[in-house]
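Just entry_22.cif here, mmCIF, C-alpha atoms and all ligand atoms:
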```cif
data_model
#
loop_
_atom_site.label_atom_id
_atom_site.label_comp_id
_atom_site.auth_asym_id
_atom_site.auth_seq_id
_atom_site.Cartn_x
_atom_site.Cartn_y
_atom_site.Cartn_z
CA MET A 1 -20.99 98.46 31.86
CA THR A 2 -18.28 96.84 33.95
CA HIS A 3 -18.73 96.34 37.66
CA PRO A 4 -15.83 97.18 39.92
CA LEU A 5 -13.64 94.15 40.52
CA SER A 6 -14.46 92.33 43.76
CA THR A 7 -14.77 88.76 44.96
CA GLU A 8 -18.56 89.18 45.13
CA ALA A 9 -18.72 90.63 41.61
CA ILE A 10 -16.76 87.67 40.24
CA ALA A 11 -19.04 85.17 42.03
CA ALA A 12 -22.16 86.96 40.77
CA HIS A 13 -20.74 86.99 37.26
CA VAL A 14 -20.06 83.25 37.37
CA THR A 15 -23.54 82.41 38.71
CA ASP A 16 -25.21 84.54 36.06
CA ALA A 17 -22.97 83.15 33.29
CA LEU A 18 -23.68 79.53 34.23
CA ALA A 19 -27.43 80.18 34.09
CA ARG A 20 -27.14 81.78 30.67
CA LEU A 21 -24.98 78.99 29.26
CA GLU A 22 -27.48 76.44 30.50
CA GLY A 23 -30.17 78.45 28.71
CA ALA A 24 -28.40 78.35 25.32
CA ALA A 25 -30.97 76.71 23.03
CA ASP A 26 -28.62 75.58 20.26
CA LEU A 27 -24.96 75.56 19.23
CA ALA A 28 -25.13 78.97 17.54
CA ALA A 29 -26.64 80.56 20.66
CA LEU A 30 -23.99 78.86 22.80
CA ASP A 31 -21.16 80.29 20.65
CA GLU A 32 -22.59 83.77 20.96
CA ILE A 33 -23.14 83.60 24.71
CA SER A 34 -19.72 82.12 25.40
CA ALA A 35 -18.00 84.85 23.36
CA ARG A 36 -19.82 87.46 25.40
CA LEU A 37 -18.97 85.83 28.74
CA THR A 38 -15.37 84.80 28.27
CA GLY A 39 -14.00 86.72 25.26
CA ARG A 40 -11.53 89.62 25.37
CA ARG A 41 -14.26 92.21 25.54
CA SER A 42 -16.26 90.38 28.22
CA GLU A 43 -16.47 91.54 31.81
CA LEU A 44 -13.82 88.96 32.67
CA GLY A 45 -11.56 90.45 30.00
CA GLU A 46 -12.00 93.94 31.41
CA TRP A 47 -11.18 92.72 34.90
CA HIS A 48 -8.04 91.01 33.62
CA ARG A 49 -6.84 94.26 32.17
CA ALA A 50 -7.67 96.06 35.43
CA LEU A 51 -5.18 93.78 37.23
CA GLY A 52 -2.38 95.89 35.71
CA GLN A 53 -3.20 98.86 37.93
CA MET A 54 -3.17 96.88 41.18
CA GLY A 55 -0.56 96.36 43.81
CA ASP A 56 1.28 93.03 43.92
CA ASP A 57 -0.74 91.25 46.63
CA GLU A 58 -4.09 92.36 45.33
CA ARG A 59 -3.11 91.44 41.77
CA ARG A 60 -2.04 87.96 42.80
CA GLU A 61 -5.29 87.33 44.74
CA PHE A 62 -7.66 88.61 42.04
CA GLY A 63 -5.60 86.98 39.32
CA ARG A 64 -6.16 83.63 40.98
CA GLN A 65 -9.91 84.26 41.39
CA LEU A 66 -10.28 85.38 37.77
CA HIS A 67 -8.34 82.39 36.53
CA GLU A 68 -10.60 80.06 38.52
CA ALA A 69 -13.74 81.77 37.19
CA SER A 70 -12.51 81.44 33.58
CA SER A 71 -11.81 77.73 34.06
CA THR A 72 -15.26 77.15 35.52
CA LEU A 73 -16.89 78.93 32.59
CA ARG A 74 -14.77 77.17 29.96
CA ALA A 75 -15.73 73.77 31.47
CA ALA A 76 -19.40 74.82 31.52
CA VAL A 77 -19.23 75.86 27.84
CA ALA A 78 -17.65 72.51 26.88
CA GLY A 79 -20.26 70.57 28.85
CA ARG A 80 -23.14 72.46 27.32
CA ARG A 81 -21.63 72.05 23.85
CA ALA A 82 -21.40 68.25 24.27
CA ASN A 83 -25.05 68.11 25.34
CA LEU A 84 -26.24 70.24 22.45
CA GLU A 85 -24.22 68.20 19.93
CA ALA A 86 -25.66 64.93 21.23
CA ALA A 87 -29.16 66.38 21.00
CA ALA A 88 -28.47 67.51 17.42
CA ARG A 89 -27.41 63.97 16.50
CA VAL A 90 -30.63 62.52 17.88
CA VAL A 91 -32.60 65.05 15.86
CA ARG A 92 -30.68 64.03 12.72
CA LEU A 93 -31.36 60.30 13.35
CA GLU A 94 -35.02 61.01 13.96
CA GLY A 95 -35.06 62.85 10.64
CA ASP A 96 -33.72 59.71 8.91
CA ARG A 97 -36.38 57.44 10.37
CA LEU A 98 -38.63 56.05 7.64
CA SER A 99 -42.31 55.58 8.05
CA LEU A 100 -43.84 52.29 6.95
CA ASP A 101 -45.29 54.00 3.87
CA GLU A 102 -41.85 55.22 2.84
CA LEU A 103 -40.38 51.74 3.34
CA VAL A 104 -42.98 50.16 1.10
CA ASP A 105 -42.11 52.68 -1.60
CA LEU A 106 -38.33 51.90 -1.55
CA PRO A 107 -37.05 50.35 -4.78
CA VAL A 108 -36.38 46.59 -4.41
CA ALA A 109 -32.73 45.64 -4.93
CA ALA A 110 -32.06 42.77 -7.35
CA PRO A 111 -31.47 39.59 -5.30
CA LEU A 112 -27.79 38.74 -4.82
CA GLU A 113 -26.67 36.06 -7.24
CA ARG A 114 -25.53 32.92 -5.42
CA GLY A 115 -22.90 30.58 -6.81
CA HIS A 116 -23.10 26.80 -6.72
CA ARG A 117 -20.74 23.85 -6.70
CA HIS A 118 -18.86 22.99 -9.86
CA LEU A 119 -20.38 20.35 -12.15
CA VAL A 120 -17.55 17.91 -11.40
CA THR A 121 -18.09 18.29 -7.64
CA ARG A 122 -21.83 17.78 -8.07
CA THR A 123 -21.22 14.68 -10.17
CA ARG A 124 -18.80 13.31 -7.58
CA ASP A 125 -21.33 13.98 -4.78
CA ALA A 126 -24.14 12.30 -6.73
CA LEU A 127 -21.98 9.21 -7.39
CA GLU A 128 -20.89 9.07 -3.75
CA ASP A 129 -24.57 9.17 -2.73
CA VAL A 130 -25.32 6.22 -5.00
CA PHE A 131 -22.47 4.14 -3.55
CA VAL A 132 -23.17 5.11 0.06
CA ALA A 133 -26.76 3.94 -0.45
CA MET A 134 -25.33 0.61 -1.64
CA GLY A 135 -23.29 0.21 1.57
CA PHE A 136 -19.90 1.61 0.47
CA ARG A 137 -17.74 3.91 2.59
CA VAL A 138 -16.08 6.97 0.93
CA VAL A 139 -12.30 7.27 1.49
CA GLU A 140 -9.63 9.51 -0.03
CA GLY A 141 -5.90 9.04 -0.60
CA PRO A 142 -2.80 11.07 -1.52
CA GLU A 143 -2.41 12.64 -4.98
CA ILE A 144 1.38 12.32 -4.87
CA GLU A 145 2.46 8.69 -4.80
CA THR A 146 5.53 6.51 -4.81
CA ASP A 147 6.21 4.30 -7.80
CA TRP A 148 5.45 1.33 -5.51
CA TYR A 149 1.85 2.33 -4.77
CA ASN A 150 1.04 3.76 -8.20
CA PHE A 151 2.54 0.83 -10.14
CA GLU A 152 4.50 -1.97 -8.51
CA ALA A 153 2.09 -3.06 -5.79
CA LEU A 154 -0.60 -3.09 -8.49
CA ASN A 155 1.42 -5.72 -10.30
CA ILE A 156 2.89 -3.24 -12.82
CA PRO A 157 6.68 -3.72 -12.52
CA PRO A 158 9.18 -1.32 -14.18
CA ALA A 159 9.24 -1.76 -17.96
CA HIS A 160 5.88 -3.60 -17.91
CA PRO A 161 4.00 -2.70 -21.10
CA ALA A 162 0.97 -1.64 -19.00
CA ARG A 163 2.98 1.44 -17.95
CA GLY A 164 2.64 2.56 -21.55
CA MET A 165 -1.05 3.33 -20.89
CA HIS A 166 -0.06 5.79 -18.15
CA ASP A 167 1.62 9.00 -19.34
CA THR A 168 3.17 9.78 -16.01
CA LEU A 169 4.21 13.11 -14.44
CA TYR A 170 7.21 12.66 -12.15
CA VAL A 171 7.91 14.84 -9.13
CA ASP A 172 11.52 15.54 -8.15
CA LEU A 173 11.66 15.49 -4.36
CA GLY A 174 15.34 14.47 -4.32
CA MET A 175 14.40 10.99 -3.05
CA ALA A 176 15.88 7.70 -4.21
CA GLU A 177 12.44 6.29 -5.08
CA SER A 178 10.59 7.84 -7.99
CA ILE A 179 7.63 9.95 -6.97
CA VAL A 180 4.72 10.53 -9.33
CA LEU A 181 1.47 12.44 -9.49
CA ARG A 182 -0.88 9.45 -9.28
CA THR A 183 -2.12 8.38 -12.69
CA HIS A 184 -5.22 6.67 -11.25
CA THR A 185 -7.03 6.19 -7.93
CA SER A 186 -6.04 2.49 -7.81
CA PRO A 187 -2.99 3.04 -5.49
CA VAL A 188 -5.43 3.91 -2.69
CA GLN A 189 -6.70 0.30 -2.97
CA ILE A 190 -3.26 -0.83 -1.84
CA ARG A 191 -3.09 1.67 1.03
CA LEU A 192 -6.53 0.62 2.29
CA MET A 193 -5.83 -3.10 2.03
CA GLU A 194 -2.50 -2.65 3.89
CA ALA A 195 -4.22 -0.68 6.64
CA ALA A 196 -7.06 -3.22 6.85
CA VAL A 197 -4.52 -6.03 7.30
CA THR A 198 -2.68 -4.23 10.14
CA GLU A 199 -5.89 -3.15 11.82
CA ARG A 200 -7.67 -6.47 11.14
CA ALA A 201 -10.41 -4.38 9.54
CA LEU A 202 -11.50 -6.66 6.69
CA PRO A 203 -14.01 -6.84 4.99
CA LEU A 204 -13.70 -3.64 2.93
CA HIS A 205 -16.45 -1.98 0.89
CA VAL A 206 -15.10 1.41 -0.19
CA VAL A 207 -15.20 3.93 -2.99
CA ILE A 208 -12.28 6.31 -3.50
CA PRO A 209 -12.96 9.50 -5.44
CA GLY A 210 -10.18 11.94 -6.31
CA ARG A 211 -8.01 13.87 -8.72
CA VAL A 212 -5.57 12.07 -11.01
CA TYR A 213 -2.94 13.28 -13.50
CA ARG A 214 -1.56 12.19 -16.86
CA ARG A 215 0.95 13.77 -19.17
CA ASP A 216 -1.52 14.32 -22.00
CA THR A 217 -2.12 17.11 -24.47
CA PRO A 218 -5.59 18.40 -23.57
CA ASP A 219 -8.22 17.93 -26.28
CA ALA A 220 -11.99 17.43 -26.40
CA SER A 221 -11.78 14.10 -24.56
CA HIS A 222 -8.48 14.33 -22.59
CA LEU A 223 -7.34 16.50 -19.70
CA VAL A 224 -4.01 16.54 -17.84
CA GLU A 225 -5.90 16.65 -14.56
CA PHE A 226 -9.14 14.73 -14.20
CA HIS A 227 -11.15 12.76 -11.64
CA GLN A 228 -11.76 9.10 -11.03
CA ILE A 229 -13.78 7.07 -8.61
CA GLU A 230 -12.41 3.71 -7.59
CA GLY A 231 -14.40 0.89 -6.03
CA LEU A 232 -12.94 -1.85 -3.85
CA VAL A 233 -14.63 -4.79 -2.19
CA VAL A 234 -12.70 -7.41 -0.21
CA ASP A 235 -14.91 -9.95 1.50
CA ARG A 236 -15.59 -13.70 1.63
CA ASP A 237 -16.82 -15.60 -1.45
CA ILE A 238 -16.88 -12.60 -3.76
CA THR A 239 -17.37 -13.54 -7.42
CA PHE A 240 -17.43 -11.85 -10.78
CA ALA A 241 -21.24 -11.88 -10.55
CA ASP A 242 -21.07 -9.52 -7.53
CA LEU A 243 -18.97 -7.15 -9.61
CA ALA A 244 -21.35 -7.27 -12.60
CA GLY A 245 -24.37 -6.71 -10.33
CA THR A 246 -22.70 -3.75 -8.60
CA ILE A 247 -21.91 -2.08 -11.93
CA ARG A 248 -25.43 -2.69 -13.20
CA ALA A 249 -26.93 -1.22 -10.00
CA PHE A 250 -24.83 1.95 -9.82
CA THR A 251 -25.16 2.83 -13.52
CA ALA A 252 -28.95 2.41 -13.34
CA ALA A 253 -29.06 4.57 -10.19
CA TYR A 254 -26.91 7.34 -11.68
CA PHE A 255 -27.84 7.34 -15.39
CA GLY A 256 -31.39 5.94 -15.19
CA GLU A 257 -33.08 2.55 -15.47
CA ASP A 258 -33.25 2.77 -19.27
CA ILE A 259 -29.43 2.78 -19.49
CA ASP A 260 -28.01 -0.72 -19.89
CA THR A 261 -24.48 -2.00 -19.18
CA ARG A 262 -22.21 -4.57 -20.77
CA LEU A 263 -18.85 -6.02 -19.78
CA ARG A 264 -16.14 -6.70 -22.37
CA PRO A 265 -13.13 -8.91 -21.61
CA SER A 266 -10.02 -6.79 -21.18
CA TYR A 267 -6.68 -6.72 -19.37
CA PHE A 268 -5.48 -4.92 -16.22
CA PRO A 269 -2.40 -6.16 -14.35
CA PHE A 270 -4.09 -5.91 -10.95
CA THR A 271 -7.28 -7.84 -11.79
CA GLU A 272 -7.88 -11.33 -13.18
CA PRO A 273 -10.22 -11.75 -14.97
CA SER A 274 -10.56 -8.11 -16.12
CA ALA A 275 -13.22 -6.30 -18.09
CA GLU A 276 -14.11 -2.91 -19.41
CA PHE A 277 -17.66 -1.76 -18.87
CA ASP A 278 -19.83 0.20 -21.25
CA ILE A 279 -23.20 1.88 -20.86
CA THR A 280 -25.89 2.54 -23.46
CA CYS A 281 -24.91 5.64 -25.45
CA THR A 282 -26.62 8.56 -23.68
CA ILE A 283 -26.88 10.55 -26.93
CA CYS A 284 -28.68 8.05 -29.21
CA ARG A 285 -29.97 5.71 -26.45
CA GLY A 286 -28.46 2.72 -28.24
CA ALA A 287 -29.58 3.41 -31.80
CA GLY A 288 -26.06 4.28 -33.00
CA CYS A 289 -24.65 7.76 -33.59
CA ARG A 290 -21.40 9.63 -34.30
CA THR A 291 -20.43 9.93 -30.62
CA CYS A 292 -20.59 6.15 -30.04
CA SER A 293 -19.15 5.30 -33.49
CA GLN A 294 -22.50 3.69 -34.41
CA THR A 295 -22.07 1.00 -31.70
CA GLY A 296 -24.83 2.21 -29.37
CA TRP A 297 -22.38 1.90 -26.41
CA MET A 298 -20.02 4.24 -24.56
CA GLU A 299 -17.02 3.06 -22.56
CA LEU A 300 -17.11 4.05 -18.89
CA GLY A 301 -14.32 2.24 -16.99
CA GLY A 302 -12.35 -0.83 -16.08
CA CYS A 303 -12.93 -3.56 -13.50
CA GLY A 304 -12.10 -7.08 -12.47
CA VAL A 305 -11.56 -9.64 -9.75
CA ILE A 306 -8.54 -8.78 -7.60
CA ASP A 307 -5.39 -10.56 -8.80
CA PRO A 308 -3.78 -12.89 -6.21
CA ALA A 309 -0.46 -11.08 -6.88
CA VAL A 310 -2.03 -7.89 -5.44
CA PHE A 311 -3.27 -9.77 -2.36
CA ALA A 312 0.27 -11.12 -1.96
CA ALA A 313 1.75 -7.59 -2.13
CA VAL A 314 -0.43 -6.41 0.77
CA GLY A 315 -0.42 -9.66 2.79
CA ILE A 316 -4.04 -10.77 2.39
CA ASP A 317 -4.64 -14.54 2.37
CA PRO A 318 -6.32 -15.34 -0.99
CA THR A 319 -7.69 -18.62 0.34
CA GLN A 320 -9.72 -16.68 2.91
CA TRP A 321 -10.62 -13.52 1.03
CA SER A 322 -11.61 -12.51 -2.49
CA GLY A 323 -12.65 -9.24 -3.99
CA PHE A 324 -13.29 -7.02 -6.96
CA ALA A 325 -12.35 -3.52 -8.02
CA PHE A 326 -13.46 -1.01 -10.59
CA GLY A 327 -12.47 2.49 -11.69
CA PHE A 328 -13.97 5.10 -13.96
CA GLY A 329 -13.85 8.82 -14.76
CA ILE A 330 -16.06 11.28 -12.88
CA ASP A 331 -15.60 13.98 -15.54
CA ARG A 332 -16.56 11.38 -18.13
CA CYS A 333 -19.82 10.67 -16.28
CA ALA A 334 -20.68 14.37 -16.29
CA PHE A 335 -19.69 14.51 -19.96
CA MET A 336 -22.03 11.62 -20.82
CA ARG A 337 -24.95 12.57 -18.65
CA HIS A 338 -24.98 16.24 -19.69
CA GLN A 339 -23.79 15.69 -23.26
CA ILE A 340 -20.86 18.08 -23.00
CA ALA A 341 -19.06 18.48 -26.31
CA ASP A 342 -15.58 19.28 -24.95
CA LEU A 343 -14.09 18.20 -21.60
CA ARG A 344 -11.91 21.33 -21.54
CA ALA A 345 -15.05 23.36 -20.76
CA LEU A 346 -14.90 21.80 -17.28
CA ILE A 347 -11.63 23.58 -16.46
CA ASP A 348 -12.02 26.82 -18.43
CA ASN A 349 -13.98 28.40 -15.56
CA ASP A 350 -16.31 30.24 -17.91
CA VAL A 351 -19.39 30.97 -15.77
CA ARG A 352 -21.61 31.10 -18.86
CA PHE A 353 -20.90 27.38 -19.22
CA LEU A 354 -20.83 26.50 -15.51
CA ARG A 355 -24.05 28.21 -14.50
CA GLN A 356 -26.07 25.92 -16.78
CA PHE A 357 -25.69 23.00 -14.38
N1 LIG B 1 -6.95 2.27 -12.79
C1 LIG B 1 -7.43 1.97 -14.11
C2 LIG B 1 -7.13 3.16 -15.04
O1 LIG B 1 -7.08 4.25 -14.60
C3 LIG B 1 -8.92 1.73 -14.10
C4 LIG B 1 -9.24 0.46 -13.38
C5 LIG B 1 -9.33 -0.74 -14.07
C6 LIG B 1 -9.46 0.46 -12.02
C7 LIG B 1 -9.61 -1.92 -13.45
C8 LIG B 1 -9.76 -0.74 -11.36
C9 LIG B 1 -9.83 -1.92 -12.11
O2 LIG B 1 -9.98 -0.78 -10.06
O3 LIG B 1 -10.12 -3.07 -11.47
O4 LIG B 1 -6.97 2.94 -16.20
#
```

Here is the file; what I need is its structure written in the form of structure tokens.
Ligand code: DAH
Amino acid sequence: MTHPLSTEAIAAHVTDALARLEGAADLAALDEISARLTGRRSELGEWHRALGQMGDDERREFGRQLHEASSTLRAAVAGRRANLEAAARVVRLEGDRLSLDELVDLPVAAPLERGHRHLVTRTRDALEDVFVAMGFRVVEGPEIETDWYNFEALNIPPAHPARGMHDTLYVDLGMAESIVLRTHTSPVQIRLMEAAVTERALPLHVVIPGRVYRRDTPDASHLVEFHQIEGLVVDRDITFADLAGTIRAFTAAYFGEDIDTRLRPSYFPFTEPSAEFDITCTICRGAGCRTCSQTGWMELGGCGVIDPAVFAAVGIDPTQWSGFAFGFGIDRCAFMRHQIADLRALIDNDVRFLRQF
């Protein structure tokens, strides 16, 4: 039943409507109440239609009042809806809350599998630890080198037969000088000695680990890209005995006390005298087997007392200073210690192989 249109009737309608909207218990109830209060067939709707029979002034005045009432009610509906929706969300969250009993009954997820460092990195770290404990500093150098650092300063001039041992990869940077991927870590010796001369930072006790490259066809014991660790000592009154003792100490620390070393006379252009050093075969422990060609020994690296020609190239006075150097393969150490059959496994990235270490 519609009340006659009057300012008081509109005000009463609004007051009553606001109370009812506030009383809506849930969203469904709110929808129903709001349809009844503001829809076409609501009292407001009727009054709107009644405007048509009014004179101009009256219609304008009541039109304004009705419009205001509708806006008030629409805002009230929206406000109440927001409140009810928020309340519904809280109810849903409460419903998701788990009791302690339920938590205990949840299935346990398998622990996430964690990766670890590559075998070569671990070997490098272990060797660095051994040398740091012996008083060496760890330094790195560039992998792309000039011919001067990789060869000439190391007393290997162009056309020297020693270059034949290095299958070199050249890099074309459009420079006059030839640029190579370093074939060994020895060029960093030169860089460090040069820097030590300028900075008056002798003596030097350093190891230099890093990647090196050779133009080889990969097979079970050769890779195009492998790793070496270089040792360099420049100090006063250094002799070959210091070198032999250092090699003995680091091999025992890394491979174990039961692994022996031996030095064999050899030739390197940057050392004089030079030697190659072997360790007891890690497979047969010296008895003789196929891997060590029945000798009981495995070759590990090269070493020697620094050649005066190298000191001359970097400007170190050989009457004041002497030194030794050595270099060997990191991959080869891993290969020997873990008895890996094929070096290529180190770069295949097959996790079934890698996760064993
Ligand atoms: N750079 C040599 C190579 O890769 C290994 C080597 C031999 C390093 C004698 C040295 C050394 O420091 O004294 O074949």

Task: Nearest to Ile208 of chain A, chosen from A:Pro158, A:Gly286, A:Gly231, A:Gly245, with all atoms listed in the file counted in the distances - done: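 Closest to Ile208 of chain A, using all atoms listed in the file: A:Gly231.
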
Task: Between atom CA of Asp31 of chain A and atom CA of Glu85 of chain A - distance in Å to one decimal - done: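 About the pair atom CA of Glu85 of chain A and atom CA of Asp31 of chain A: they are 12.5 Å apart.
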
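Atom CA of Val197 of chain A is positioned 11.6 Å from atom CA of Ala312 of chain A.
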
- [ ] For ligand LIG 1 (chain B), collect every residue having any atom at a distance of at most 8 Å from a ligand atom (counting only C-alpha atoms and all ligand atoms); output as a PyMOL selection string.
- [x] chain A and resi 165-166+183-186+189+228+230-232+268+270-271+274-276+301-306+324-328

- [ ] Kindly give the distance, in Å, that separates atom CA of Asn150 of chain A and atom CA of Ala241 of chain A, rounded to a single decimal.
- [x] 27.3 Å

Task: Close residues, segment 111-121 of chain A itself excluded, 7 Å, all atoms listed in the file, min 5 positions apart in chain, as a list of chain:residue names - done: A:Ile330, A:Asp331, A:Ala334, A:Leu354, A:Phe357

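Within 10 Å of Asp167 of chain A, once all atoms listed in the file are used and residues closer than 2 positions along the same chain are dropped, the contacting residues are Arg163, Gly164, Met165, Leu169, Tyr170, Thr183, Tyr213, Arg214, Arg215, Asp216 and Val224 of chain A.
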
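If you measure from each of A:Asp16, A:Glu225, A:Asp26, A:Glu145 to Leu84 of chain A using only C-alpha atoms, the closest one turns out to be A:Asp26.
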